Amino acid sequence: MYSIDPTRERRLLWLLMLTQFTLIMDFMVMMPLGPQIMRALHISPAQFAAAVSAYSICGGLSGLLAATYIDRFDRRKLLLAMYALFALSNLACALAGSYELLLASRAFAGVSGGVLGSIIMAIIADVIPAQRRGAATGTVMTAFAVASVIGVPVGILLGAHSRWSAPFWLLVALSLLIWLAGARVVPPLDQHLSRQREPLARALPNLIGLFANARHLNAFALTLMLTTSQMLVIPFISPMLVANHGIEPSQLSWMYMAGGVAAFFTSRLIGRLADRHGKQRVYRIAVAVSLLPVLFVTHLPAVGFLAMLLFFPFFMVSMNGRMVPLQALQTTVPQPQQRGAFLSANSAVMSLGTGLGAWLGGLMLSTDASGHIAGYGTVGWVAAGLALCSALWVGRVSAADAPAVATATESAQADARGDAA
């Protein structure tokens, strides 16, 4: 454990939060920029979906592979090196004048972003004592709320009043400032290098062993189903509202801001309900409640901006309401000695599900002769069906200390043994 004075510890946590903020904004701002990007680069919804999913898929794969080498470098040096690559990836996005360059730059951003997410959690675990680690993680995770309420709306406004690349120029500037601050604030973090390290040859077998555990696989499958269901719908809301309902791109920022504020203030309440009434039960209720807004937004009647502004907080709260009990449930699945590796792998599965959902959703959509997006209703039914499947599957996910539930085969064998006796 490192010894850092309280002032420097606070500075480090805020720096990690700002780093996380740029990672989340970089991913989230792509979706509402869909109408401008599709128009500027003359691409279809499926091609736009591929650009969105490239980040998530590459981020998931790189985050998964990071588990095999992240402990072999000084955390400070690796953080600064990967963050510099992240800034370069955003510069490439800002300069992309063709779809091919945009796709490559988004994949590049995903590779660097996936590793950075793992480094941030490793630094928290190294520097912050266990009894204060939850609060420290909460501080860093406020980046999601800040990105939802400030980062994404600002990015949308910049894209609406300038070029679609403007938010990425902003991210380049922010990343440069944060990198310079990181070079001053982050101390050398290399004490773990003096400990006995597992041979590199064991890294991949250990990773495979993590996925060979049946309880882990059930949890990963649940994560994959929910994230795929969410991302079938979410990336295409903005393109659909602009193309089919005439809502101005600049108005989207107010919708995302209202949704982000609502989700921020309801997350803790939903978490308390999950603790009080059971995570699986609250998850099932949240899935049931979310079906109405999902089907409504994918079968949207002729409504104006004001109606969408009032509806969107309900949509965001329902989407977030499924994720809160899911995340809480997943922390109970692994044994304590495997918790870090399991949560890193689960984060990678979440990124892969995010990319898979966006890609599949794009394949089901098309643009008609009038420029309207068609097929969104089908996407909504598939997303709702997958969410319902996850509500049934959640019963298979058990905590590490939960009593084993006998399968039908095991029960039959036990009965047979009893009859024989």
# chains A, B, ... in the order shown; residues from 1 in each chain; ligands from 1

call {"tool": "residues_around", "arguments": {"residues": "stretch 155-159 of chain A", "least_positions_apart": "4", "cutoff": "8 Å", "atoms": "only C-alpha atoms", "output": "list of chain:residue names"}}
result
A:Val29, A:Pro32, A:Leu33, A:Gln36, A:Gly151, A:Arg163, A:Trp164, A:Ser165, A:Ala166, A:Pro167, A:Pro249, A:Ser250, A:Leu252, A:Ser253

call {"tool": "select_by_dssp", "arguments": {"residues": "stretch 2-241 of chain A", "states": "alpha helix (DSSP H)", "output": "PyMOL selection string"}}
result
chain A and resi 6-28+34-41+45-66+75-95+99-127+130-146+152-161+166-185+203-212+214-233+237-241

call {"tool": "atom_distance", "arguments": {"atom1": "atom CA of A:Leu207", "atom2": "atom CA of A:Ala399"}}
result
20.2 Å

call {"tool": "residues_around", "arguments": {"residues": "A:Tyr256", "least_positions_apart": "6", "cutoff": "9 Å", "atoms": "only C-alpha atoms", "output": "PDB file with C-alpha atoms, in the first residue's frame"}}
result
ATOM      1  CA  PRO A  32     -26.351  11.933 -30.435  1.00  0.00           C
ATOM      2  CA  SER A 148     -24.333  12.889 -18.942  1.00  0.00           C
ATOM      3  CA  VAL A 149     -25.295  16.281 -17.526  1.00  0.00           C
ATOM      4  CA  VAL A 152     -22.625  15.178 -23.751  1.00  0.00           C
ATOM      5  CA  PRO A 153     -24.959  18.222 -23.943  1.00  0.00           C
ATOM      6  CA  LEU A 309     -38.206  16.415 -23.315  1.00  0.00           C
ATOM      7  CA  PHE A 312     -36.724  11.239 -21.998  1.00  0.00           C
ATOM      8  CA  PRO A 313     -36.006  11.395 -18.220  1.00  0.00           C
ATOM      9  CA  MET A 316     -33.130   7.223 -18.999  1.00  0.00           C
TER      10      MET A 316
END

call {"tool": "residues_around", "arguments": {"residues": "A:Ser112", "least_positions_apart": "4", "cutoff": "9 Å", "atoms": "only C-alpha atoms", "output": "ChimeraX atom specification"}}
result
/A:58-59,62-63,82-86,89,107-108,116-117

call {"tool": "write_last_selection", "arguments": {"atoms": "N, CA, C and O atoms", "output": "PDB file, in the first residue's frame"}}
result
ATOM      1  N   CYS A  58     -13.527  -3.078 -29.479  1.00  0.00           N
ATOM      2  CA  CYS A  58     -12.074  -2.973 -29.269  1.00  0.00           C
ATOM      3  C   CYS A  58     -11.750  -2.665 -27.815  1.00  0.00           C
ATOM      4  O   CYS A  58     -10.754  -3.163 -27.271  1.00  0.00           O
ATOM      5  N   GLY A  59     -12.602  -1.840 -27.161  1.00  0.00           N
ATOM      6  CA  GLY A  59     -12.389  -1.553 -25.747  1.00  0.00           C
ATOM      7  C   GLY A  59     -12.543  -2.793 -24.891  1.00  0.00           C
ATOM      8  O   GLY A  59     -11.765  -3.020 -23.955  1.00  0.00           O
ATOM      9  N   SER A  62      -9.464  -5.125 -25.576  1.00  0.00           N
ATOM     10  CA  SER A  62      -8.218  -4.598 -25.004  1.00  0.00           C
ATOM     11  C   SER A  62      -8.257  -4.633 -23.487  1.00  0.00           C
ATOM     12  O   SER A  62      -7.240  -4.909 -22.834  1.00  0.00           O
ATOM     13  N   GLY A  63      -9.441  -4.358 -22.896  1.00  0.00           N
ATOM     14  CA  GLY A  63      -9.560  -4.441 -21.446  1.00  0.00           C
ATOM     15  C   GLY A  63      -9.365  -5.855 -20.940  1.00  0.00           C
ATOM     16  O   GLY A  63      -8.772  -6.079 -19.888  1.00  0.00           O
ATOM     17  N   MET A  82      -0.909   5.460 -22.217  1.00  0.00           N
ATOM     18  CA  MET A  82      -2.193   5.122 -22.828  1.00  0.00           C
ATOM     19  C   MET A  82      -3.080   6.349 -22.989  1.00  0.00           C
ATOM     20  O   MET A  82      -3.846   6.443 -23.956  1.00  0.00           O
ATOM     21  N   TYR A  83      -2.974   7.295 -22.061  1.00  0.00           N
ATOM     22  CA  TYR A  83      -3.797   8.505 -22.189  1.00  0.00           C
ATOM     23  C   TYR A  83      -3.314   9.373 -23.346  1.00  0.00           C
ATOM     24  O   TYR A  83      -4.114  10.043 -24.007  1.00  0.00           O
ATOM     25  N   ALA A  84      -2.012   9.368 -23.577  1.00  0.00           N
ATOM     26  CA  ALA A  84      -1.488  10.086 -24.753  1.00  0.00           C
ATOM     27  C   ALA A  84      -2.026   9.453 -26.039  1.00  0.00           C
ATOM     28  O   ALA A  84      -2.405  10.164 -26.984  1.00  0.00           O
ATOM     29  N   LEU A  85      -2.079   8.120 -26.087  1.00  0.00           N
ATOM     30  CA  LEU A  85      -2.647   7.438 -27.253  1.00  0.00           C
ATOM     31  C   LEU A  85      -4.134   7.737 -27.387  1.00  0.00           C
ATOM     32  O   LEU A  85      -4.650   7.885 -28.506  1.00  0.00           O
ATOM     33  N   PHE A  86      -4.831   7.852 -26.261  1.00  0.00           N
ATOM     34  CA  PHE A  86      -6.256   8.206 -26.288  1.00  0.00           C
ATOM     35  C   PHE A  86      -6.451   9.605 -26.886  1.00  0.00           C
ATOM     36  O   PHE A  86      -7.356   9.818 -27.706  1.00  0.00           O
ATOM     37  N   SER A  89      -6.041   9.413 -30.537  1.00  0.00           N
ATOM     38  CA  SER A  89      -7.194   8.802 -31.205  1.00  0.00           C
ATOM     39  C   SER A  89      -8.313   9.821 -31.409  1.00  0.00           C
ATOM     40  O   SER A  89      -9.006   9.807 -32.432  1.00  0.00           O
ATOM     41  N   ALA A 107     -11.874   2.636 -33.450  1.00  0.00           N
ATOM     42  CA  ALA A 107     -11.285   1.392 -32.957  1.00  0.00           C
ATOM     43  C   ALA A 107     -10.041   1.693 -32.120  1.00  0.00           C
ATOM     44  O   ALA A 107      -9.824   1.089 -31.056  1.00  0.00           O
ATOM     45  N   PHE A 108      -9.221   2.641 -32.588  1.00  0.00           N
ATOM     46  CA  PHE A 108      -8.015   3.056 -31.873  1.00  0.00           C
ATOM     47  C   PHE A 108      -8.381   3.637 -30.511  1.00  0.00           C
ATOM     48  O   PHE A 108      -7.753   3.334 -29.483  1.00  0.00           O
ATOM     49  N   LEU A 116      -7.214   1.989 -20.296  1.00  0.00           N
ATOM     50  CA  LEU A 116      -7.259   3.053 -19.293  1.00  0.00           C
ATOM     51  C   LEU A 116      -8.262   2.740 -18.187  1.00  0.00           C
ATOM     52  O   LEU A 116      -8.003   3.020 -17.008  1.00  0.00           O
ATOM     53  N   GLY A 117      -9.415   2.164 -18.547  1.00  0.00           N
ATOM     54  CA  GLY A 117     -10.392   1.800 -17.527  1.00  0.00           C
ATOM     55  C   GLY A 117      -9.819   0.821 -16.520  1.00  0.00           C
ATOM     56  O   GLY A 117     -10.050   0.942 -15.305  1.00  0.00           O
TER      57      GLY A 117
END

call {"tool": "residues_around", "arguments": {"residues": "A:Val172", "least_positions_apart": "4", "cutoff": "7 Å", "atoms": "only C-alpha atoms", "output": "CSV table (one decimal) with C-alpha atoms, in the first residue's frame"}}
result
chain,number,residue,atom,x,y,z
A,87,ALA,CA,-5.7,11.9,-27.0
A,90,ASN,CA,-9.5,11.8,-30.6
A,91,LEU,CA,-7.3,13.9,-32.8
A,168,PHE,CA,-13.5,15.7,-30.5
A,176,LEU,CA,-3.9,17.5,-23.2

call {"tool": "atom_distance", "arguments": {"atom1": "atom CA of A:Arg396", "atom2": "atom CA of A:Ser318"}}
result
22.8 Å

call {"tool": "residues_around", "arguments": {"residues": "A:Thr332", "least_positions_apart": "4", "cutoff": "8 Å", "atoms": "only C-alpha atoms", "output": "list of chain:residue names"}}
result
A:Ala328, A:Ser398, A:Ala399, A:Ala400

call {"tool": "residues_around", "arguments": {"residues": "A:Val186", "least_positions_apart": "4", "cutoff": "9 Å", "atoms": "only C-alpha atoms", "output": "MDAnalysis selection string"}}
result
chainID A and resid 8 11:12 15 76 181:182

call {"tool": "write_last_selection", "arguments": {"atoms": "C-alpha atoms", "output": "PDB file, in the first residue's frame"}}
result
ATOM      1  CA  ARG A   8      -2.402  14.521  -2.869  1.00  0.00           C
ATOM      2  CA  ARG A  11      -5.943  15.440  -6.236  1.00  0.00           C
ATOM      3  CA  LEU A  12      -5.236  11.967  -7.573  1.00  0.00           C
ATOM      4  CA  LEU A  15      -7.568  13.506 -11.773  1.00  0.00           C
ATOM      5  CA  ARG A  76       1.964   5.997 -13.697  1.00  0.00           C
ATOM      6  CA  ALA A 181      -1.895  17.567 -14.736  1.00  0.00           C
ATOM      7  CA  GLY A 182      -1.364  13.812 -14.496  1.00  0.00           C
TER       8      GLY A 182
END

call {"tool": "atom_distance", "arguments": {"atom1": "atom CA of A:Leu65", "atom2": "atom CA of A:Val324"}}
result
26.0 Å
